[in-house]
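Undergrad: Take a look at final-v3.cif, mmCIF, C-alpha atoms:
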```
data_start
#
loop_
_atom_site.label_atom_id
_atom_site.label_comp_id
_atom_site.auth_asym_id
_atom_site.auth_seq_id
_atom_site.Cartn_x
_atom_site.Cartn_y
_atom_site.Cartn_z
CA MET A 1 107.58 82.81 27.50
CA VAL A 2 110.96 83.89 28.87
CA LEU A 3 109.42 87.06 30.28
CA ALA A 4 106.68 85.09 32.01
CA LEU A 5 109.23 82.71 33.52
CA GLY A 6 111.36 85.64 34.69
CA VAL A 7 108.43 87.36 36.35
CA SER A 8 107.33 84.13 37.99
CA THR A 9 110.83 83.57 39.33
CA LEU A 10 111.01 87.08 40.76
CA VAL A 11 107.62 86.68 42.43
CA ALA A 12 108.68 83.31 43.84
CA ILE A 13 111.92 84.81 45.20
CA ALA A 14 109.99 87.71 46.76
CA LEU A 15 107.52 85.34 48.41
CA ILE A 16 110.25 83.07 49.74
CA ALA A 17 112.18 86.08 51.04
CA GLU A 18 109.03 87.34 52.73
CA MET A 19 108.56 83.98 54.42
CA LEU A 20 112.16 83.53 55.47
CA THR A 21 112.97 87.07 56.62
CA PRO A 22 111.47 86.76 60.16
CA GLN A 23 113.17 83.40 60.70
CA LEU A 24 116.51 84.71 59.46
CA THR A 25 116.20 87.83 61.61
CA GLU A 26 115.38 85.75 64.67
CA ALA A 27 118.27 83.38 63.99
CA TRP A 28 120.63 86.34 63.65
CA GLU A 29 119.37 87.88 66.90
CA ARG A 30 119.83 84.55 68.69
CA HIS A 31 123.34 84.30 67.35
CA ARG A 32 124.15 87.83 68.56
CA ALA A 33 122.59 87.16 71.97
CA ARG A 34 124.71 84.04 72.38
CA ARG A 35 127.85 86.01 71.62
CA ARG A 36 126.92 88.99 73.81
CA ARG A 37 129.06 89.30 76.89
CA VAL A 38 126.85 89.16 79.98
CA PRO A 39 128.40 90.58 83.15
CA GLU A 40 128.81 87.85 85.73
CA PHE A 41 128.48 88.58 89.42
CA SER A 42 129.73 85.95 91.73
CA PHE A 43 128.70 85.92 95.37
CA ASP A 44 131.49 87.53 97.34
CA PRO A 45 131.12 86.75 101.05
CA GLY A 46 133.69 89.38 102.00
CA ARG A 47 131.83 92.10 100.14
CA GLU A 48 128.52 91.04 101.65
CA ARG A 49 130.02 90.96 105.14
CA ARG A 50 131.44 94.47 104.73
CA ALA A 51 128.10 95.69 103.38
CA GLU A 52 126.29 94.18 106.35
CA GLN A 53 128.76 95.76 108.76
CA THR A 54 128.19 99.19 107.17
CA ALA A 55 124.44 98.62 107.28
CA ARG A 56 124.58 97.71 110.99
CA GLU A 57 126.41 100.94 111.77
CA LEU A 58 123.78 102.93 109.90
CA LEU A 59 120.96 101.11 111.68
CA ARG A 60 122.60 101.67 115.04
CA SER A 61 122.90 105.40 114.36
CA CYS A 62 119.18 105.70 113.54
CA VAL A 63 117.29 103.60 116.08
CA SER A 64 117.16 104.02 119.86
CA ASP A 65 119.57 102.23 122.19
CA ASP A 66 116.77 99.88 123.25
CA GLU A 67 115.86 99.02 119.68
CA TRP A 68 119.49 98.47 118.78
CA ALA A 69 120.00 96.18 121.77
CA MET A 70 116.78 94.35 120.84
CA TYR A 71 118.04 93.77 117.30
CA ARG A 72 121.52 92.78 118.39
CA GLU A 73 120.32 90.32 121.01
CA LEU A 74 117.05 89.04 119.58
CA GLY A 75 117.40 89.63 115.84
CA LEU A 76 114.22 91.69 115.59
CA ILE A 77 112.87 95.15 116.33
CA ARG A 78 109.43 95.90 117.74
CA VAL A 79 107.66 99.03 116.54
CA TRP A 80 104.43 100.20 118.15
CA GLY A 81 101.46 100.87 115.89
CA LYS A 82 100.40 104.50 115.75
CA TYR A 83 96.69 104.11 115.16
CA PRO A 84 95.15 102.20 118.08
CA ARG A 85 91.67 103.52 117.33
CA ALA A 86 91.80 102.12 113.83
CA HIS A 87 92.43 98.72 115.31
CA ALA A 88 89.33 98.35 117.51
CA GLY A 89 90.81 100.71 120.08
CA GLY A 90 93.50 98.30 121.20
CA GLU A 91 97.26 98.57 121.12
CA TYR A 92 99.13 96.71 118.44
CA ALA A 93 102.73 96.44 117.38
CA TYR A 94 104.91 95.09 114.62
CA LEU A 95 107.90 92.77 114.66
CA ILE A 96 110.51 93.60 112.06
CA TYR A 97 112.76 90.77 110.88
CA PRO A 98 115.38 91.00 108.13
CA HIS A 99 113.99 89.80 104.81
CA LYS A 100 110.82 88.40 106.33
CA PRO A 101 107.30 89.81 106.44
CA ILE A 102 106.45 92.38 109.10
CA VAL A 103 104.33 90.63 111.72
CA ALA A 104 101.51 92.55 113.40
CA TYR A 105 100.32 91.38 116.82
CA GLU A 106 98.52 92.45 119.99
CA PRO A 107 101.06 92.90 122.79
CA GLN A 108 98.51 92.41 125.56
CA THR A 109 97.26 89.05 124.36
CA GLY A 110 100.06 87.94 122.06
CA ARG A 111 97.47 87.32 119.35
CA LEU A 112 98.93 87.46 115.86
CA LEU A 113 97.06 89.81 113.54
CA GLY A 114 98.72 89.31 110.19
CA GLU A 115 101.79 89.31 108.04
CA HIS A 116 102.62 92.33 105.91
CA CYS A 117 104.80 91.11 103.08
CA VAL A 118 107.00 93.89 101.78
CA THR A 119 110.38 94.13 100.09
CA PHE A 120 112.70 96.97 99.14
CA PRO A 121 114.21 95.77 95.87
CA ASP A 122 117.01 97.82 94.30
CA GLU A 123 116.42 97.20 90.62
CA THR A 124 119.76 98.72 89.66
CA ARG A 125 121.24 95.44 91.00
CA PRO A 126 124.78 96.74 91.48
CA TYR A 127 126.14 93.22 91.98
CA GLY A 128 123.46 91.26 90.23
CA SER A 129 121.12 91.14 93.22
CA SER A 130 118.33 93.50 94.23
CA ARG A 131 118.53 92.39 97.87
CA LEU A 132 119.68 94.88 100.50
CA PRO A 133 121.93 93.78 103.37
CA ASP A 134 119.92 92.40 106.32
CA SER A 135 120.32 95.46 108.52
CA ASP A 136 119.46 97.82 105.64
CA ASP A 137 116.26 95.84 105.10
CA VAL A 138 115.41 96.22 108.79
CA LEU A 139 116.21 99.93 108.69
CA ALA A 140 114.10 100.46 105.57
CA LYS A 141 111.15 98.79 107.31
CA TRP A 142 111.75 100.74 110.51
CA MET A 143 111.92 104.08 108.69
CA ALA A 144 108.90 103.38 106.54
CA LEU A 145 106.86 102.15 109.54
CA THR A 146 107.77 104.94 111.92
CA GLY A 147 107.67 107.58 109.18
CA ASP A 148 104.51 106.65 107.32
CA GLU A 149 102.90 103.50 108.67
CA ARG A 150 99.79 103.75 106.51
CA ARG A 151 101.75 104.16 103.31
CA LEU A 152 103.94 101.14 104.03
CA ILE A 153 101.05 98.93 105.06
CA GLY A 154 99.22 100.10 101.96
CA GLU A 155 102.11 98.96 99.77
CA ALA A 156 102.48 95.61 101.52
CA ASN A 157 100.55 92.45 100.77
CA MET A 158 98.66 91.39 103.85
CA HIS A 159 98.27 87.74 104.70
CA LEU A 160 96.97 85.71 107.60
CA PRO A 161 99.55 84.78 110.24
CA GLY A 162 101.62 81.72 109.44
CA ARG A 163 101.95 82.16 105.71
CA GLN A 164 105.70 82.80 105.70
CA VAL A 165 106.73 83.08 109.34
CA ASP A 166 106.09 80.12 111.60
CA PRO A 167 103.63 81.23 114.35
CA ALA A 168 105.47 78.98 116.83
CA GLN A 169 108.65 80.94 116.14
CA ILE A 170 106.84 84.25 116.68
CA THR A 171 105.40 82.96 119.94
CA ARG A 172 108.91 82.05 121.06
CA ASP A 173 110.21 85.45 119.95
CA LEU A 174 107.47 87.23 121.91
CA TRP A 175 108.39 85.20 124.98
CA ARG A 176 112.08 86.05 124.47
CA LEU A 177 111.14 89.69 123.99
CA SER A 178 109.18 89.83 127.25
CA ARG A 179 112.07 88.18 129.14
CA TRP A 180 114.50 90.58 127.53
CA GLU A 181 112.37 93.58 128.53
CA GLN A 182 112.13 92.36 132.12
CA ALA A 183 115.90 92.00 132.30
CA ARG A 184 116.31 95.43 130.75
CA MET A 185 113.96 96.98 133.31
CA ARG A 186 115.90 95.34 136.15
CA GLU A 187 119.16 96.73 134.73
CA LEU A 188 117.68 100.22 134.48
CA ALA A 189 116.28 100.01 138.01
CA ALA A 190 119.68 98.90 139.32
CA GLU A 191 121.37 101.79 137.52
CA LEU A 192 118.85 104.24 138.98
CA ASN A 193 119.46 102.84 142.48
CA VAL A 194 123.20 103.23 142.11
CA SER A 195 122.95 106.80 140.83
CA SER A 196 120.45 107.82 143.57
CA GLN A 197 122.70 106.30 146.27
CA SER A 198 125.72 108.13 144.92
CA ASN A 199 123.73 111.36 144.86
CA GLU A 200 122.67 110.87 148.51
CA SER A 201 126.23 110.22 149.63
CA MET B 1 121.41 101.91 100.82
CA LYS B 2 122.66 99.58 98.14
CA PRO B 3 122.96 95.83 97.76
CA GLY B 4 126.58 94.82 98.25
CA HIS B 5 127.47 98.25 99.63
CA GLY B 6 125.35 99.20 102.60
CA GLU B 7 125.48 102.93 103.10
CA VAL B 8 126.84 105.05 100.24
CA VAL B 9 127.38 108.79 100.69
CA ILE B 10 125.81 110.61 97.73
CA ALA B 11 126.50 114.22 98.60
CA GLU B 12 127.58 116.30 101.54
CA GLY B 13 127.23 120.01 102.13
CA ASP B 14 125.96 122.89 104.22
CA VAL B 15 122.45 124.07 103.34
CA GLU B 16 123.43 127.57 104.47
CA VAL B 17 125.91 127.76 101.59
CA ALA B 18 124.02 128.47 98.36
CA ALA B 19 126.24 126.40 96.09
CA ASP B 20 126.08 123.44 98.48
CA GLU B 21 122.33 123.72 98.78
CA ALA B 22 121.87 123.75 95.00
CA ARG B 23 123.98 120.61 94.72
CA LEU B 24 122.07 118.90 97.54
CA VAL B 25 118.74 119.79 95.95
CA GLN B 26 119.94 118.41 92.62
CA GLN B 27 121.06 115.15 94.17
CA PHE B 28 117.87 114.90 96.22
CA ARG B 29 115.73 115.23 93.10
CA ARG B 30 117.89 112.77 91.21
CA GLN B 31 117.36 110.11 93.88
CA LEU B 32 113.61 110.66 94.01
CA ASP B 33 113.42 110.62 90.21
CA ALA B 34 115.17 107.26 90.34
CA GLY B 35 112.23 106.01 92.38
CA LEU B 36 113.83 105.99 95.82
CA TRP B 37 112.14 106.97 99.06
CA ALA B 38 113.75 109.53 101.35
CA ALA B 39 113.67 109.63 105.14
CA VAL B 40 115.19 111.78 107.84
CA PRO B 41 115.93 110.09 111.18
CA VAL B 42 114.66 112.34 113.99
CA GLU B 43 114.56 112.27 117.77
CA GLN B 44 111.44 113.46 119.55
CA GLU B 45 111.52 115.56 122.71
CA ASN B 46 110.72 112.47 124.78
CA GLY B 47 113.80 110.76 123.35
CA ARG B 48 111.83 108.48 121.05
CA ARG B 49 113.47 107.95 117.69
CA GLU B 50 111.61 107.66 114.44
CA ALA B 51 111.89 108.58 110.79
CA MET B 52 110.25 111.36 108.88
CA MET B 53 109.44 110.52 105.28
CA VAL B 54 110.05 113.45 102.94
CA ARG B 55 108.88 113.92 99.39
CA SER B 56 110.57 117.20 98.57
CA PHE B 57 113.71 119.01 99.66
CA GLU B 58 111.60 121.71 101.31
CA GLU B 59 110.23 119.13 103.73
CA VAL B 60 113.70 118.28 105.01
CA PRO B 61 114.28 120.09 108.34
CA ARG B 62 117.02 122.70 107.94
CA ASP B 63 118.92 121.21 110.86
CA ALA B 64 118.72 117.63 109.57
CA GLU B 65 122.08 115.91 109.66
CA ARG B 66 121.29 113.53 106.84
CA VAL B 67 118.69 112.19 104.48
CA ILE B 68 118.64 108.46 103.84
CA PHE B 69 117.46 107.19 100.47
CA PHE B 70 116.26 103.65 100.10
CA PRO B 71 114.41 101.59 97.49
CA ARG B 72 110.67 102.06 97.56
CA ALA B 73 108.54 99.36 99.10
CA ALA B 74 106.88 96.72 96.99
CA GLY B 75 104.43 94.04 98.02
CA GLY B 76 106.35 90.84 98.68
#
```
What would you get if you wrote out this structure as structure tokens?
TA:
Amino acid sequence: MVLALGVSTLVAIALIAEMLTPQLTEAWERHRARRRRVPEFSFDPGRERRAEQTARELLRSCVSDDEWAMYRELGLIRVWGKYPRAHAGGEYAYLIYPHKPIVAYEPQTGRLLGEHCVTFPDETRPYGSSRLPDSDDVLAKWMALTGDERRLIGEANMHLPGRQVDPAQITRDLWRLSRWEQARMRELAAELNVSSQSNES
Amino acid sequence: MKPGHGEVVIAEGDVEVAADEARLVQQFRRQLDAGLWAAVPVEQENGRREAMMVRSFEEVPRDAERVIFFPRAAGG
């Protein structure tokens, strides 16, 4: 009788332990997770400003003077597409904005072709964020587009125009870009005139 | 390129010096193994600037001044 009771008790304890073990383990893990010290990264505007300044210098050293002036004055860079034949034989170009999709359009008509949504996330998250400084994001897009357009477009998600960037804003930007180019051409022509006059005299 | 940093110099050296080259190759591979893309800014004869994407150290022009590593693209 005593033996039977003892065996029954042991079996009962084993069954209860079997049932409770996962819950106890989970509770212990939760307790440890609550006590674990998680590194906190606060947004530091000074650090971000310095990072952006460094990124701007790097961008400036890589792109042409025209592209740098375009970015500085308009906040975007235009890159010409390399494969006109692939696009029904017509010219096309991209507008690069910081942390926005790359917008493809037809320069001759201004028709928007699509948005290529792409990011360059740094998963090491040195300060808790995977987001590059604005100018680094622009430079990454510029390098990837000019270096291997097909690869970048292949990686991007393509959407119809207007999904993330307001078409009205792009229309305005294209107008600003054309005005900016006209002014730039006038400046260059004036410089050429001055240099040719000084050469003649 | 790094969030919160901007440009960070990883390694410097002269590829004509064997020890420097070995160190540059090692660092180059380490960055690519970490999943980064590598590009060399170049200037064409007509003055046009663009980047050249490189996937191995051998593809880097010997006269390249720098290689820029940046996170690989992902669909946004």
Undergrad: Using all atoms listed in the file, which residues of chain A come within 8 Å of chain B, and what is the closest atom pair for each, with the distance in Å to one decimal? Give it as a tab-separated table, sorted by chain and residue number.
TA:
```
residue	atom	partner	partner_atom	distance
A:Arg47	CA	B:Gly4	CA	6.2
A:Glu48	CA	B:Gly4	CA	5.4
A:Arg50	CA	B:His5	CA	7.5
A:Ala51	CA	B:Gly6	CA	4.5
A:Glu52	CA	B:Gly6	CA	6.3
A:Gln53	CA	B:Gly6	CA	7.8
A:Thr54	CA	B:Gly6	CA	5.4
A:Ala55	CA	B:Gly6	CA	4.8
A:Leu58	CA	B:Glu7	CA	7.0
A:Cys62	CA	B:Pro41	CA	6.0
A:Val63	CA	B:Arg49	CA	6.0
A:Ser64	CA	B:Arg49	CA	5.8
A:Pro101	CA	B:Gly76	CA	7.9
A:Cys117	CA	B:Gly76	CA	4.7
A:Val118	CA	B:Gly76	CA	4.4
A:Thr119	CA	B:Ala74	CA	5.3
A:Phe120	CA	B:Ala73	CA	4.8
A:Pro121	CA	B:Pro71	CA	6.0
A:Asp122	CA	B:Pro71	CA	5.6
A:Arg125	CA	B:Pro3	CA	7.0
A:Pro126	CA	B:Pro3	CA	6.6
A:Tyr127	CA	B:Gly4	CA	6.5
A:Ser129	CA	B:Pro3	CA	6.8
A:Ser130	CA	B:Pro3	CA	6.3
A:Arg131	CA	B:Pro3	CA	5.6
A:Leu132	CA	B:Pro3	CA	4.4
A:Pro133	CA	B:Pro3	CA	6.1
A:Asp136	CA	B:Met1	CA	6.6
A:Ala140	CA	B:Phe70	CA	6.7
A:Trp142	CA	B:Ala51	CA	7.8
A:Met143	CA	B:Ala51	CA	5.0
A:Ala144	CA	B:Met53	CA	7.3
A:Thr146	CA	B:Glu50	CA	5.3
A:Gly147	CA	B:Met52	CA	4.6
A:Asp148	CA	B:Met53	CA	6.6
A:Leu152	CA	B:Ala73	CA	7.0
A:Glu155	CA	B:Gly75	CA	5.7
A:Ala156	CA	B:Gly75	CA	4.3
A:Asn157	CA	B:Gly75	CA	5.0
```
Undergrad: Rounded to one decimal, what separation in Å do you get between atom CA of B:Gly13 and atom CA of B:Gln27?
TA: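 Computing the Euclidean distance for atom CA of B:Gly13 and atom CA of B:Gln27 yields 11.2 Å.
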Undergrad: So that I can check the surroundings of B:Arg23, please list as a ChimeraX atom specification every protein, DNA and RNA residue that reaches within 9 Å of it, counting all atoms listed in the file and ignoring chain neighbours fewer than 5 positions away.
TA: /B:11-13,18,28
Undergrad: Distance atom CA of A:Met158-atom CA of A:Glu123, one decimal place?
TA: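 Between these atoms lies a distance of 22.9 Å.
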Undergrad: For the file shown, what are the residues hit by the PyMOL selection byres ((chain A and resi 113-116) around 8), laid out as an NGL selection string?
TA: :A and (101-106 or 111-112 or 117-118 or 153 or 156-164)
Undergrad: Quote the spacing between atom CA of A:Asp173 and atom CA of A:Gly110 in Å to one decimal place.
TA: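 About the pair atom CA of A:Asp173 and atom CA of A:Gly110: they are 10.7 Å apart.
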Undergrad: Taking all atoms listed in the file into account, name the residue in B:Asp63, B:Asp14, B:Glu45, B:Phe57 that is nearest to B:Arg30.
TA: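 Comparing B:Asp63, B:Asp14, B:Glu45, B:Phe57 against B:Arg30, the winner is B:Phe57.
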Undergrad: From the options A:Ile16, A:Tyr83, A:Asp134, A:Tyr94, which residue's atoms come nearest to A:Ile170, counting only C-alpha atoms?
TA: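 Of the candidates, the smallest distance to A:Ile170 is held by A:Tyr94.
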Undergrad: Written as a short mmCIF file (atom, residue, chain, number, x, y, z; two decimals) with C-alpha atoms, in the coordinates of the input, which residues does the PyMOL selection byres ((chain B and resi 58) around 12) give for the file shown?
TA:
```cif
data_model
loop_
_atom_site.label_atom_id
_atom_site.label_comp_id
_atom_site.auth_asym_id
_atom_site.auth_seq_id
_atom_site.Cartn_x
_atom_site.Cartn_y
_atom_site.Cartn_z
CA VAL B 15 122.45 124.07 103.34
CA GLU B 21 122.33 123.72 98.78
CA LEU B 24 122.07 118.90 97.54
CA VAL B 25 118.74 119.79 95.95
CA PHE B 28 117.87 114.90 96.22
CA ARG B 29 115.73 115.23 93.10
CA VAL B 54 110.05 113.45 102.94
CA ARG B 55 108.88 113.92 99.39
CA SER B 56 110.57 117.20 98.57
CA PHE B 57 113.71 119.01 99.66
CA GLU B 59 110.23 119.13 103.73
CA VAL B 60 113.70 118.28 105.01
CA PRO B 61 114.28 120.09 108.34
CA ARG B 62 117.02 122.70 107.94
CA ALA B 64 118.72 117.63 109.57
#
```
Undergrad: Quick one: of A:Glu187, A:Leu10, A:Arg56, A:Pro98, who's nearest to A:Trp68, counting all atoms listed in the file?
TA: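 For A:Trp68, the nearest of the candidates is A:Arg56.
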Undergrad: If we count all atoms listed in the file and set the cut-off at 10 Å, which residues sit around A:Leu74, ignoring sequence neighbours fewer than 2 positions away in its own chain? Please answer as a PyMOL selection string.
TA: chain A and resi 68-72+76-77+97+173+176-177+180
